[in-house]
file coords_28.cif (mmCIF, C-alpha atoms)
data_run
#
loop_
_atom_site.label_atom_id
_atom_site.label_comp_id
_atom_site.auth_asym_id
_atom_site.auth_seq_id
_atom_site.Cartn_x
_atom_site.Cartn_y
_atom_site.Cartn_z
CA MET A 1 0.00 0.00 0.00
CA SER A 2 1.25 3.42 -0.87
CA GLU A 3 2.48 5.82 1.75
CA LYS A 4 -0.29 8.25 0.84
CA PHE A 5 -2.94 5.64 1.48
CA GLN A 6 -1.38 4.83 4.85
CA SER A 7 -1.40 8.44 5.95
CA ARG A 8 -5.00 8.85 4.76
CA LEU A 9 -5.95 5.76 6.72
CA ASP A 10 -4.40 7.29 9.84
CA THR A 11 -6.37 10.50 9.29
CA VAL A 12 -9.60 8.54 8.95
CA LEU A 13 -8.83 6.48 12.07
CA GLY A 14 -8.03 9.69 13.94
CA ILE A 15 -11.35 11.25 13.01
CA ILE A 16 -13.22 8.06 13.97
CA LEU A 17 -11.42 8.09 17.30
CA PHE A 18 -12.16 11.76 17.96
CA PHE A 19 -15.89 11.29 17.58
CA GLY A 20 -15.87 7.74 18.94
CA MET A 21 -14.21 8.82 22.19
CA GLY A 22 -16.81 11.54 22.60
CA LEU A 23 -19.59 9.03 22.03
CA ALA A 24 -17.96 6.52 24.39
CA LEU A 25 -17.72 9.15 27.14
CA TYR A 26 -21.34 10.12 26.61
CA MET A 27 -22.55 6.51 26.62
CA ALA A 28 -20.50 5.56 29.71
CA PHE A 29 -21.44 8.58 31.83
CA ILE A 30 -24.90 9.55 30.59
CA GLY A 31 -26.24 6.97 28.14
CA ALA A 32 -25.83 3.89 30.29
CA PRO A 33 -28.23 3.37 33.20
CA ARG A 34 -27.16 3.71 36.82
CA GLU A 35 -26.20 0.39 38.36
CA THR A 36 -28.53 -0.48 41.24
CA THR A 37 -26.07 -1.63 43.92
CA MET A 38 -22.84 0.12 43.00
CA GLY A 39 -24.32 3.31 41.58
CA ASP A 40 -22.15 5.51 39.41
CA LEU A 41 -19.06 3.66 40.57
CA GLN A 42 -19.84 0.89 38.11
CA ARG A 43 -19.28 3.29 35.19
CA ILE A 44 -15.52 2.82 35.50
CA PHE A 45 -16.11 -0.67 34.14
CA TYR A 46 -16.69 0.79 30.64
CA PHE A 47 -13.04 1.87 30.55
CA HIS A 48 -11.42 -0.73 32.80
CA VAL A 49 -12.49 -3.80 30.83
CA PRO A 50 -11.85 -2.47 27.30
CA ALA A 51 -8.40 -1.26 28.40
CA ALA A 52 -7.63 -4.72 29.81
CA ILE A 53 -8.74 -6.45 26.61
CA ALA A 54 -6.81 -3.98 24.44
CA GLY A 55 -3.68 -4.45 26.60
CA MET A 56 -3.84 -8.24 26.43
CA THR A 57 -4.36 -8.05 22.67
CA ALA A 58 -1.27 -5.87 22.39
CA PHE A 59 0.79 -8.42 24.34
CA ALA A 60 -0.48 -11.21 22.10
CA VAL A 61 0.60 -9.12 19.09
CA ASN A 62 4.03 -8.74 20.72
CA PHE A 63 4.27 -12.51 21.22
CA VAL A 64 3.37 -13.37 17.63
CA SER A 65 5.67 -10.73 16.15
CA SER A 66 8.51 -11.80 18.46
CA ILE A 67 8.25 -15.38 17.20
CA LEU A 68 8.03 -14.17 13.60
CA TYR A 69 11.10 -11.97 14.12
CA VAL A 70 13.14 -14.90 15.40
CA VAL A 71 12.07 -16.95 12.38
CA ARG A 72 12.15 -14.31 9.63
CA ARG A 73 14.70 -11.76 10.95
CA ASN A 74 12.72 -8.99 9.33
CA ARG A 75 12.93 -5.56 10.97
CA TRP A 76 9.20 -5.06 10.28
CA TRP A 77 8.27 -7.62 12.94
CA ASP A 78 10.61 -6.09 15.49
CA ASN A 79 9.05 -2.68 15.00
CA LEU A 80 5.61 -4.19 15.49
CA ALA A 81 6.71 -6.10 18.61
CA LEU A 82 8.18 -3.00 20.23
CA SER A 83 5.10 -0.88 19.42
CA ALA A 84 2.79 -3.54 20.83
CA ALA A 85 4.79 -3.91 24.06
CA GLU A 86 4.82 -0.19 24.78
CA ILE A 87 1.15 0.29 24.02
CA GLY A 88 0.25 -2.83 25.98
CA VAL A 89 2.03 -1.44 29.05
CA MET A 90 0.15 1.84 28.62
CA PHE A 91 -3.24 0.06 28.54
CA LEU A 92 -2.26 -2.16 31.49
CA ILE A 93 -1.33 0.93 33.51
CA MET A 94 -4.80 2.28 32.75
CA VAL A 95 -6.23 -0.99 34.06
CA LEU A 96 -4.04 -0.90 37.19
CA VAL A 97 -5.04 2.71 37.92
CA THR A 98 -8.78 2.36 37.33
CA GLY A 99 -8.90 -0.98 39.20
CA PRO A 100 -7.98 0.31 42.69
CA ILE A 101 -10.19 3.39 42.24
CA TRP A 102 -13.10 1.00 41.85
CA ALA A 103 -11.88 -1.53 44.40
CA LYS A 104 -11.52 0.83 47.36
CA PRO A 105 -15.25 1.62 47.60
CA ALA A 106 -16.40 -1.80 46.30
CA TRP A 107 -14.06 -4.14 48.21
CA PHE A 108 -12.85 -1.66 50.88
CA VAL A 109 -9.24 -2.32 49.87
CA TRP A 110 -7.10 -0.75 47.18
CA TRP A 111 -5.40 -3.94 46.24
CA THR A 112 -5.69 -7.65 46.83
CA TRP A 113 -3.53 -10.48 45.49
CA SER A 114 -6.25 -12.20 43.53
CA PRO A 115 -5.16 -14.09 40.39
CA ARG A 116 -6.48 -11.52 37.93
CA LEU A 117 -4.85 -8.58 39.70
CA THR A 118 -1.57 -10.39 40.19
CA LEU A 119 -1.43 -11.45 36.56
CA SER A 120 -2.08 -7.90 35.33
CA LEU A 121 0.63 -6.50 37.56
CA VAL A 122 3.17 -9.18 36.63
CA LEU A 123 2.45 -8.73 32.92
CA CYS A 124 3.03 -5.02 33.31
CA LEU A 125 6.37 -5.70 35.05
CA LEU A 126 7.39 -8.25 32.40
CA TYR A 127 6.88 -5.82 29.54
CA VAL A 128 8.61 -3.02 31.42
CA ALA A 129 11.53 -5.48 31.71
CA TYR A 130 11.21 -6.02 27.96
CA MET A 131 11.62 -2.29 27.37
CA LEU A 132 14.55 -2.15 29.81
CA ILE A 133 16.37 -4.82 27.81
CA ARG A 134 15.80 -2.85 24.62
CA ASN A 135 17.05 0.34 26.24
CA TYR A 136 20.39 -1.11 27.18
CA ILE A 137 21.45 -2.82 23.96
CA GLU A 138 22.94 -0.60 21.29
CA ASP A 139 23.36 -2.79 18.21
CA PRO A 140 19.92 -2.75 16.49
CA GLU A 141 20.03 -6.35 15.26
CA LYS A 142 21.13 -7.72 18.60
CA LYS A 143 18.51 -5.60 20.33
CA ALA A 144 15.78 -6.94 18.06
CA LEU A 145 16.79 -10.57 18.44
CA ILE A 146 17.34 -10.56 22.20
CA SER A 147 14.16 -8.67 22.93
CA ALA A 148 12.25 -11.07 20.68
CA VAL A 149 13.54 -13.95 22.80
CA PHE A 150 12.39 -12.14 25.93
CA GLY A 151 9.02 -11.39 24.31
CA VAL A 152 8.46 -15.12 23.86
CA ILE A 153 9.46 -15.81 27.48
CA ALA A 154 7.26 -13.05 28.88
CA PHE A 155 4.13 -14.28 27.14
CA ALA A 156 4.84 -17.92 27.96
CA ASP A 157 5.10 -16.89 31.60
CA ALA A 158 1.57 -15.50 31.75
CA PRO A 159 -0.34 -18.83 31.92
CA LEU A 160 2.16 -20.13 34.48
CA VAL A 161 1.66 -17.10 36.70
CA TRP A 162 -2.07 -17.66 36.39
CA PHE A 163 -1.89 -21.35 37.35
CA SER A 164 0.50 -20.67 40.24
CA ILE A 165 -1.91 -18.41 42.02
CA ARG A 166 -5.22 -19.90 40.97
CA TRP A 167 -5.82 -21.35 44.44
CA TRP A 168 -5.77 -17.86 45.92
CA ARG A 169 -9.32 -16.66 46.37
CA ASP A 170 -10.43 -14.59 43.39
CA ILE A 171 -12.81 -11.82 44.38
CA HIS A 172 -12.49 -10.12 41.02
CA PRO A 173 -15.86 -10.15 39.22
CA SER A 174 -15.86 -12.88 36.60
CA PRO A 175 -16.17 -11.77 32.99
CA MET A 176 -19.79 -10.69 32.72
CA LEU A 177 -20.07 -11.21 28.99
CA GLU A 178 -19.32 -14.91 29.30
CA THR A 179 -21.83 -15.45 32.04
CA GLY A 180 -24.40 -13.23 30.32
CA GLY A 181 -24.62 -11.10 33.47
CA LEU A 182 -24.29 -7.78 31.68
CA SER A 183 -27.72 -6.20 31.54
CA PRO A 184 -28.96 -5.57 27.96
CA SER A 185 -29.39 -1.87 28.76
CA MET A 186 -25.66 -1.59 29.48
CA ARG A 187 -24.54 -3.48 26.42
CA PRO A 188 -24.58 -0.60 23.88
CA ALA A 189 -22.34 1.53 26.11
CA PHE A 190 -19.96 -1.36 26.72
CA PHE A 191 -19.69 -2.40 23.09
CA ILE A 192 -19.16 1.19 21.93
CA CYS A 193 -16.37 1.65 24.49
CA MET A 194 -14.86 -1.68 23.50
CA ALA A 195 -14.91 -0.80 19.80
CA VAL A 196 -13.41 2.64 20.45
CA PHE A 197 -10.61 1.14 22.54
CA LEU A 198 -9.80 -1.39 19.84
CA VAL A 199 -9.67 1.41 17.25
CA LEU A 200 -7.42 3.32 19.66
CA LEU A 201 -5.17 0.26 19.92
CA VAL A 202 -4.88 -0.04 16.13
CA PHE A 203 -4.33 3.70 15.73
CA LEU A 204 -1.60 3.87 18.37
CA LEU A 205 0.06 0.72 17.01
CA ARG A 206 0.16 2.24 13.54
CA ARG A 207 1.56 5.57 14.74
CA ARG A 208 4.18 3.95 16.98
CA PHE A 209 5.13 1.54 14.22
CA TYR A 210 5.51 4.43 11.77
CA LEU A 211 7.74 6.34 14.22
CA GLU A 212 9.94 3.29 14.75
CA SER A 213 10.35 2.55 11.05
CA MET A 214 11.29 6.20 10.46
CA ARG A 215 13.88 5.88 13.21
CA GLY A 216 15.25 2.78 11.51
CA GLU A 217 15.44 4.63 8.21
CA ALA A 218 17.17 7.60 9.79
CA GLU A 219 19.74 5.28 11.36
CA LEU A 220 20.36 3.65 8.01
CA LEU A 221 20.82 7.02 6.29
CA GLU A 222 23.18 8.18 9.00
CA ARG A 223 25.27 5.07 8.61
CA ARG A 224 25.37 5.55 4.85
CA ALA A 225 26.43 9.15 5.27
CA ASP A 226 29.22 8.01 7.59
CA LEU A 227 30.40 5.51 5.01
CA ALA A 228 30.36 8.09 2.22
CA ARG A 229 32.47 10.49 4.23
CA MET B 1 25.42 -35.88 26.78
CA THR B 2 29.20 -36.06 27.16
CA LYS B 3 29.36 -32.56 25.68
CA ILE B 4 26.97 -31.24 28.29
CA TRP B 5 29.13 -32.94 30.88
CA ALA B 6 32.27 -31.28 29.48
CA VAL B 7 30.76 -27.78 29.77
CA PHE B 8 29.53 -28.62 33.24
CA ARG B 9 32.89 -30.03 34.33
CA LYS B 10 34.70 -26.95 33.04
CA ASP B 11 32.51 -24.63 35.17
CA LEU B 12 32.83 -26.90 38.17
CA LEU B 13 36.62 -27.02 37.92
CA ILE B 14 36.87 -23.24 37.60
CA GLU B 15 34.67 -22.91 40.65
CA LEU B 16 36.62 -25.46 42.69
CA ARG B 17 39.85 -23.60 41.97
CA THR B 18 38.66 -20.03 42.50
CA LYS B 19 35.56 -20.45 44.71
CA ASP B 20 34.54 -16.91 43.74
CA THR B 21 30.92 -17.60 42.97
CA LEU B 22 30.08 -20.00 45.78
CA ASN B 23 31.72 -17.85 48.44
CA SER B 24 29.79 -14.77 47.44
CA MET B 25 26.52 -16.72 47.07
CA LEU B 26 26.87 -18.28 50.50
CA PHE B 27 27.91 -15.12 52.25
CA PHE B 28 25.14 -13.09 50.68
CA GLY B 29 22.54 -15.76 51.46
CA VAL B 30 23.53 -15.87 55.11
CA VAL B 31 23.49 -12.07 55.30
CA VAL B 32 19.95 -12.08 53.91
CA LEU B 33 18.91 -14.57 56.59
CA VAL B 34 20.42 -12.39 59.30
CA ILE B 35 18.69 -9.30 57.94
CA PHE B 36 15.34 -11.08 57.92
CA ASN B 37 15.91 -12.07 61.49
CA PHE B 38 16.03 -8.40 62.46
CA ALA B 39 13.44 -7.21 59.96
CA LEU B 40 10.91 -9.64 61.42
CA GLU B 41 11.99 -9.19 65.02
CA SER B 42 8.43 -8.53 66.16
CA LEU B 43 7.38 -12.08 65.29
CA ARG B 44 10.51 -13.89 66.37
CA GLU B 45 8.57 -16.16 68.74
CA SER B 46 6.21 -17.34 66.02
CA ILE B 47 8.41 -17.06 62.94
CA ARG B 48 7.77 -20.56 61.66
CA PRO B 49 5.04 -19.66 59.08
CA ALA B 50 7.37 -17.02 57.59
CA VAL B 51 10.38 -19.35 57.26
CA PRO B 52 9.52 -20.78 53.78
CA GLY B 53 9.26 -17.28 52.36
CA ILE B 54 12.46 -16.12 54.04
CA LEU B 55 14.37 -19.15 52.80
CA TRP B 56 13.26 -18.73 49.20
CA VAL B 57 14.01 -15.01 49.18
CA ALA B 58 17.52 -15.86 50.37
CA PHE B 59 17.82 -18.65 47.76
CA ALA B 60 16.58 -16.40 44.97
CA PHE B 61 18.89 -13.51 45.88
CA SER B 62 21.99 -15.64 46.22
CA GLY B 63 20.99 -17.61 43.11
CA THR B 64 20.84 -14.38 41.12
CA LEU B 65 24.36 -13.62 42.27
CA GLY B 66 25.48 -17.04 41.06
CA LEU B 67 23.69 -16.78 37.71
CA ASN B 68 25.28 -13.41 37.09
CA ARG B 69 28.73 -14.93 37.32
CA MET B 70 27.90 -17.75 34.87
CA PHE B 71 28.39 -15.56 31.81
CA ALA B 72 30.01 -12.44 33.25
CA SER B 73 33.16 -14.35 34.20
CA GLU B 74 33.31 -15.95 30.73
CA LYS B 75 33.04 -12.56 29.14
CA GLU B 76 35.63 -10.88 31.34
CA ASN B 77 38.17 -13.55 30.56
CA GLY B 78 37.29 -13.64 26.88
CA CYS B 79 36.32 -17.29 27.20
CA LEU B 80 32.91 -16.91 25.60
CA GLN B 81 34.56 -16.56 22.19
CA GLY B 82 36.38 -19.80 22.76
CA LEU B 83 33.28 -21.56 23.93
CA LEU B 84 31.39 -20.36 20.87
CA MET B 85 34.13 -21.58 18.53
CA VAL B 86 33.77 -25.13 19.79
CA PRO B 87 31.84 -27.06 17.15
CA ILE B 88 28.92 -28.07 19.34
CA ASP B 89 25.26 -27.18 19.38
CA ARG B 90 24.68 -23.98 21.36
CA GLY B 91 21.87 -25.75 23.18
CA VAL B 92 24.52 -28.01 24.70
CA ILE B 93 26.24 -24.97 26.20
CA TYR B 94 22.89 -23.98 27.68
CA PHE B 95 22.36 -27.33 29.36
CA GLY B 96 25.93 -27.48 30.65
CA LYS B 97 25.65 -24.01 32.14
CA MET B 98 22.23 -24.75 33.58
CA LEU B 99 23.51 -27.92 35.22
CA ALA B 100 26.45 -26.05 36.76
CA ALA B 101 24.20 -23.25 38.03
CA THR B 102 21.82 -25.83 39.53
CA VAL B 103 24.59 -27.62 41.38
CA PHE B 104 26.06 -24.36 42.76
CA MET B 105 22.65 -23.16 43.86
CA LEU B 106 21.69 -26.44 45.49
CA PHE B 107 24.96 -26.56 47.38
CA ALA B 108 24.48 -22.99 48.61
CA GLU B 109 20.82 -23.70 49.45
CA ILE B 110 21.68 -26.67 51.64
CA ILE B 111 24.15 -24.64 53.67
CA MET B 112 21.80 -21.68 53.92
CA PHE B 113 19.06 -24.05 55.02
CA VAL B 114 21.20 -25.46 57.81
CA VAL B 115 22.12 -21.94 58.92
CA GLY B 116 18.42 -21.03 58.73
CA LEU B 117 17.50 -24.00 60.92
CA VAL B 118 19.85 -22.69 63.58
CA PHE B 119 18.75 -19.07 63.29
CA PHE B 120 15.05 -19.87 63.38
CA ASN B 121 15.30 -22.74 65.88
CA LEU B 122 13.70 -25.40 63.74
CA THR B 123 14.13 -29.16 64.05
CA VAL B 124 13.59 -31.30 60.98
CA TRP B 125 14.58 -34.88 60.19
CA ARG B 126 11.69 -36.70 58.59
CA GLU B 127 11.03 -33.73 56.30
CA ILE B 128 14.51 -33.61 54.79
CA PRO B 129 13.96 -35.81 51.67
CA TYR B 130 10.80 -33.89 50.80
CA LEU B 131 12.52 -30.56 51.34
CA PHE B 132 15.38 -31.63 49.12
CA LEU B 133 12.93 -32.58 46.38
CA VAL B 134 11.30 -29.15 46.59
CA PHE B 135 14.67 -27.38 46.60
CA LEU B 136 15.71 -29.40 43.55
CA MET B 137 12.52 -28.66 41.59
CA GLY B 138 12.54 -24.99 42.50
CA THR B 139 16.21 -24.63 41.62
CA LEU B 140 15.77 -26.40 38.27
CA GLY B 141 12.99 -24.00 37.32
CA PHE B 142 15.05 -21.05 38.52
CA THR B 143 18.12 -21.97 36.50
CA ALA B 144 16.13 -23.16 33.45
CA VAL B 145 15.06 -19.60 32.71
CA GLY B 146 17.84 -17.91 34.71
CA THR B 147 20.63 -19.25 32.50
CA LEU B 148 19.01 -17.79 29.40
CA LEU B 149 18.28 -14.45 31.08
CA SER B 150 21.83 -14.31 32.44
CA ALA B 151 23.12 -14.65 28.86
CA ILE B 152 20.72 -11.86 27.87
CA ALA B 153 21.88 -9.61 30.70
CA VAL B 154 25.59 -9.80 29.83
CA ASN B 155 24.71 -8.56 26.35
CA THR B 156 23.38 -5.27 27.70
CA LYS B 157 25.14 -2.14 28.88
CA LEU B 158 23.85 -2.63 32.41
CA ARG B 159 25.27 -6.14 32.67
CA GLU B 160 24.78 -7.63 36.14
CA VAL B 161 22.40 -4.92 37.26
CA LEU B 162 19.79 -5.93 34.72
CA LEU B 163 19.49 -9.62 35.62
CA PRO B 164 17.36 -9.30 38.78
CA LEU B 165 15.10 -6.79 37.04
CA ILE B 166 14.26 -9.17 34.22
CA LEU B 167 14.54 -12.41 36.19
CA PHE B 168 12.23 -11.84 39.15
CA PRO B 169 9.02 -11.09 37.22
CA VAL B 170 9.56 -14.22 35.10
CA ILE B 171 10.48 -16.41 38.06
CA LEU B 172 7.38 -15.54 40.08
CA PRO B 173 5.55 -18.86 39.42
CA ILE B 174 8.56 -20.79 40.75
CA LEU B 175 8.82 -18.65 43.87
CA VAL B 176 5.10 -18.90 44.63
CA ASN B 177 5.05 -22.68 44.24
CA ALA B 178 8.34 -23.33 45.99
CA VAL B 179 7.26 -21.27 49.00
CA GLU B 180 3.91 -23.03 48.99
CA ALA B 181 5.53 -26.48 48.84
CA THR B 182 8.07 -25.64 51.55
CA ASN B 183 5.25 -24.33 53.67
CA VAL B 184 3.31 -27.57 53.22
CA ILE B 185 6.32 -29.55 54.43
CA LEU B 186 7.32 -27.34 57.35
CA ASN B 187 3.94 -26.24 58.62
CA THR B 188 1.39 -28.93 57.74
CA ASN B 189 1.11 -32.71 57.80
CA ASP B 190 -0.84 -33.13 54.59
CA TYR B 191 1.87 -33.98 52.06
CA SER B 192 -0.65 -34.73 49.31
CA ALA B 193 -0.90 -30.94 48.91
CA LEU B 194 2.64 -31.08 47.53
CA LYS B 195 1.54 -32.52 44.20
CA LEU B 196 0.12 -29.33 42.75
CA PRO B 197 3.06 -27.00 43.37
CA LEU B 198 5.51 -29.69 42.26
CA ALA B 199 3.50 -30.20 39.08
CA VAL B 200 3.48 -26.47 38.28
CA MET B 201 7.23 -26.26 38.92
CA SER B 202 7.86 -29.24 36.60
CA VAL B 203 5.74 -27.67 33.86
CA PHE B 204 7.60 -24.40 34.31
CA THR B 205 10.97 -26.14 34.03
CA ILE B 206 9.95 -28.10 30.95
CA VAL B 207 8.38 -25.09 29.19
CA PHE B 208 11.30 -22.75 29.82
CA GLY B 209 13.92 -25.45 29.36
CA THR B 210 12.51 -26.10 25.89
CA ILE B 211 12.16 -22.41 24.97
CA SER B 212 15.68 -21.69 26.20
CA TYR B 213 17.14 -24.67 24.37
CA LEU B 214 15.48 -23.50 21.14
CA LEU B 215 16.38 -19.82 21.48
CA PHE B 216 19.67 -19.89 23.36
CA GLU B 217 21.89 -19.50 20.29
CA ASN B 218 20.15 -16.20 19.53
CA VAL B 219 21.30 -14.50 22.71
CA LEU B 220 24.94 -15.55 22.59
CA GLU B 221 27.25 -13.01 21.09
CA ASP B 222 28.99 -13.97 17.89
#

call {"tool": "encode", "arguments": {"input": "coords_28.cif", "output": "structure tokens"}}
result
Amino acid sequence: MSEKFQSRLDTVLGIILFFGMGLALYMAFIGAPRETTMGDLQRIFYFHVPAAIAGMTAFAVNFVSSILYVVRRNRWWDNLALSAAEIGVMFLIMVLVTGPIWAKPAWFVWWTWSPRLTLSLVLCLLYVAYMLIRNYIEDPEKKALISAVFGVIAFADAPLVWFSIRWWRDIHPSPMLETGGLSPSMRPAFFICMAVFLVLLVFLLRRRFYLESMRGEAELLERRADLAR
Amino acid sequence: MTKIWAVFRKDLLIELRTKDTLNSMLFFGVVVLVIFNFALESLRESIRPAVPGILWVAFAFSGTLGLNRMFASEKENGCLQGLLMVPIDRGVIYFGKMLAATVFMLFAEIIMFVVGLVFFNLTVWREIPYLFLVFLMGTLGFTAVGTLLSAIAVNTKLREVLLPLILFPVILPILVNAVEATNVILNTNDYSALKLPLAVMSVFTIVFGTISYLLFENVLED
């Protein structure tokens, strides 16, 4: 696809996001009905859950592109893996900030070591470690390869963390969509927020990816200029 | 197999002649135990439930020290180049190194455990075979992923400083299950509860052993 098309696509996604975010805010705070037991507190759920799903999706993208980088050794996959890791951490931080805000009034504690909370925190730490590794390796090829190896390890660790702590009591509400517990009147607000967050994920991934490939190009040009000198 | 043994024997011989790694591991582990003794002074009379956690923190800290030396010493002495020139599968180097790290850690763990028994006034006899099994499983999981991450850490500018930062989040499942299993042995009588943590630790070791074996050549410097 041509560069022009790509930049047009970003413009379109940006416009969708601008209006989508407005709609999502309206639906979450005004459009959706008040929850009977928790009251307005429940409205944080419209941002907490989509952010969690977007973050996990980003980590899955990082995992797949890390494997593909090890196999193909194509810079494209490394750029995608890095973008996904950074954006995943951002979404997970959103989850970890909104979670305690909700938990303090609902559970009377800011934090508890339930499986879901522990896993989110550990994932966040793992991908911060991923970025640390990248920060401290200079050679771009070595950086890409080593961080890809760590990307595979980090994602493989997630199910093990989950199974290690599964016997701890989980007071986190179970996913309502699976159990069908989400009231039909709340569904439009939730699905709009979810869709907007997924568009946000794609938009951010594209922008971050673009930035990283430009950096790669700049590095290449610099090296060429050095050689020509 | 003989190749793995050769790498292992090389590390063991170096260690037996210099004793750098083991000395620092042991000393640091004992210092951690002493510090915990003062940090938890308020519950000194009833410290028994906290002992599994204290032990594994000491094991993990001193183990990190040991893992750091596995590749740092090779690099300082320029031996990694030599090791890489040997016409063997890089996975073999991984297993040799992992075996050496496991043996060092286990040795240090046993001594720290004995010191811990004295410090925390515990008496165990019947429990010793079970404890050894748990130490072995926990250590295998620790070194399975630790050896790979140690090779990653020496490749970075931060070197030794980076290893604990990237190792501890990954190693969490091992720590949780090892503490749980040690707790079952020291503080309960129901040994059937050991199965689950031991199973998770075995799965961890197998998963990360395989991943590391497959990917190890990618993190070694050419």

call {"tool": "residues_around", "arguments": {"input": "coords_28.cif", "residues": "Gly55 in chain A", "least_positions_apart": "6", "cutoff": "8 Å", "atoms": "only C-alpha atoms", "output": "PyMOL selection string"}}
result
chain A and resi 87-92

call {"tool": "closest_atom_pairs", "arguments": {"input": "coords_28.cif", "of": "range 141-180 of chain B", "to": "range 118-136 of chain B", "cutoff": "10 Å", "atoms": "only C-alpha atoms", "output": "Markdown table"}}
result
| residue | atom | partner | partner_atom | distance |
| --- | --- | --- | --- | --- |
| B:Gly141 | CA | B:Leu136 | CA | 8.7 |
| B:Phe142 | CA | B:Leu136 | CA | 9.8 |
| B:Asn177 | CA | B:Val134 | CA | 9.3 |
| B:Ala178 | CA | B:Val134 | CA | 6.6 |
| B:Val179 | CA | B:Val134 | CA | 9.2 |
| B:Glu180 | CA | B:Val134 | CA | 9.9 |

call {"tool": "write_last_selection", "arguments": {"input": "coords_28.cif", "atoms": "C-alpha atoms", "output": "compact mmCIF listing (two decimals), in the frame of the given file"}}
result
# COMPACT_ATOMS: atom_id res chain seq x y z
CA GLY B 141 12.99 -24.00 37.32
CA PHE B 142 15.05 -21.05 38.52
CA ASN B 177 5.05 -22.68 44.24
CA ALA B 178 8.34 -23.33 45.99
CA VAL B 179 7.26 -21.27 49.00
CA GLU B 180 3.91 -23.03 48.99

call {"tool": "closest_atom_pairs", "arguments": {"input": "coords_28.cif", "of": "chain B", "to": "chain A", "cutoff": "7 Å", "atoms": "all atoms listed in the file", "output": "Markdown table"}}
result
| residue | atom | partner | partner_atom | distance |
| --- | --- | --- | --- | --- |
| B:Ile152 | CA | A:Ile146 | CA | 6.7 |
| B:Thr156 | CA | A:Ile137 | CA | 4.9 |
| B:Lys157 | CA | A:Tyr136 | CA | 5.1 |
| B:Leu158 | CA | A:Tyr136 | CA | 6.5 |
| B:Leu165 | CA | A:Ala129 | CA | 6.5 |
| B:Ile166 | CA | A:Ala129 | CA | 5.2 |
| B:Pro169 | CA | A:Leu126 | CA | 5.8 |
| B:Val170 | CA | A:Asp157 | CA | 6.3 |
| B:Leu172 | CA | A:Val161 | CA | 6.8 |
| B:Pro173 | CA | A:Val161 | CA | 5.1 |
| B:Val176 | CA | A:Ser164 | CA | 6.6 |
| B:Asn177 | CA | A:Ser164 | CA | 6.4 |
| B:Val200 | CA | A:Ser164 | CA | 6.8 |
| B:Phe204 | CA | A:Leu160 | CA | 6.9 |
| B:Leu215 | CA | A:Val149 | CA | 6.7 |
| B:Asn218 | CA | A:Leu145 | CA | 6.6 |
| B:Val219 | CA | A:Ile146 | CA | 5.6 |

call {"tool": "axis_aligned_box", "arguments": {"input": "coords_28.cif", "around": "range 163-167 of chain B", "padding_each_side": "5 Å", "output": "lines of an AutoDock Vina configuration file"}}
result
center_x = 16.9
center_y = -9.6
center_z = 36.5
size_x = 15.2
size_y = 15.6
size_z = 14.6

call {"tool": "residues_around", "arguments": {"input": "coords_28.cif", "residues": "range 23-27 of chain B", "least_positions_apart": "2", "cutoff": "9 Å", "atoms": "only C-alpha atoms", "output": "list in words"}}
result
Lys19, Asp20, Thr21, Gly29, Val30, Val31, Val32, Phe59, Phe61, Ser62, Gly63, Thr64, Leu65, Gly66, Phe104, Met105, Ala108, Glu109, Ile111 and Met112 of chain B

call {"tool": "write_last_selection", "arguments": {"input": "coords_28.cif", "atoms": "C-alpha atoms", "output": "compact mmCIF listing (two decimals), in the frame of the given file"}}
result
# COMPACT_ATOMS: atom_id res chain seq x y z
CA LYS B 19 35.56 -20.45 44.71
CA ASP B 20 34.54 -16.91 43.74
CA THR B 21 30.92 -17.60 42.97
CA GLY B 29 22.54 -15.76 51.46
CA VAL B 30 23.53 -15.87 55.11
CA VAL B 31 23.49 -12.07 55.30
CA VAL B 32 19.95 -12.08 53.91
CA PHE B 59 17.82 -18.65 47.76
CA PHE B 61 18.89 -13.51 45.88
CA SER B 62 21.99 -15.64 46.22
CA GLY B 63 20.99 -17.61 43.11
CA THR B 64 20.84 -14.38 41.12
CA LEU B 65 24.36 -13.62 42.27
CA GLY B 66 25.48 -17.04 41.06
CA PHE B 104 26.06 -24.36 42.76
CA MET B 105 22.65 -23.16 43.86
CA ALA B 108 24.48 -22.99 48.61
CA GLU B 109 20.82 -23.70 49.45
CA ILE B 111 24.15 -24.64 53.67
CA MET B 112 21.80 -21.68 53.92

call {"tool": "atom_distance", "arguments": {"input": "coords_28.cif", "atom1": "CA of Ile171 in chain A", "atom2": "CA of Pro197 in chain B"}}
result
22.0 Å

call {"tool": "residues_around", "arguments": {"input": "coords_28.cif", "residues": "Tyr46 in chain A", "least_positions_apart": "2", "cutoff": "10 Å", "atoms": "all atoms listed in the file", "output": "PyMOL selection string"}}
result
chain A and resi 24-25+27-29+32+42-44+48-51+186-187+189-194

call {"tool": "residues_around", "arguments": {"input": "coords_28.cif", "residues": "Lys10 in chain B", "least_positions_apart": "4", "cutoff": "10 Å", "atoms": "all atoms listed in the file", "output": "ChimeraX atom specification"}}
result
/B:5-6,14-16,96-97,100

call {"tool": "resolve_selection", "arguments": {"input": "coords_28.cif", "expression": "the PyMOL selection byres ((chain B and resi 145-148) around 8)", "output": "VMD selection string"}}
result
chain B and resid 64 67 70 94 97 to 98 101 141 to 144 149 to 152 167 171 205 208 to 209 212 216 219

call {"tool": "atom_distance", "arguments": {"input": "coords_28.cif", "atom1": "CA of Ala193 in chain B", "atom2": "CA of Arg116 in chain A"}}
result
23.0 Å

call {"tool": "atom_distance", "arguments": {"input": "coords_28.cif", "atom1": "CA of Trp110 in chain A", "atom2": "CA of Pro33 in chain A"}}
result
25.7 Å
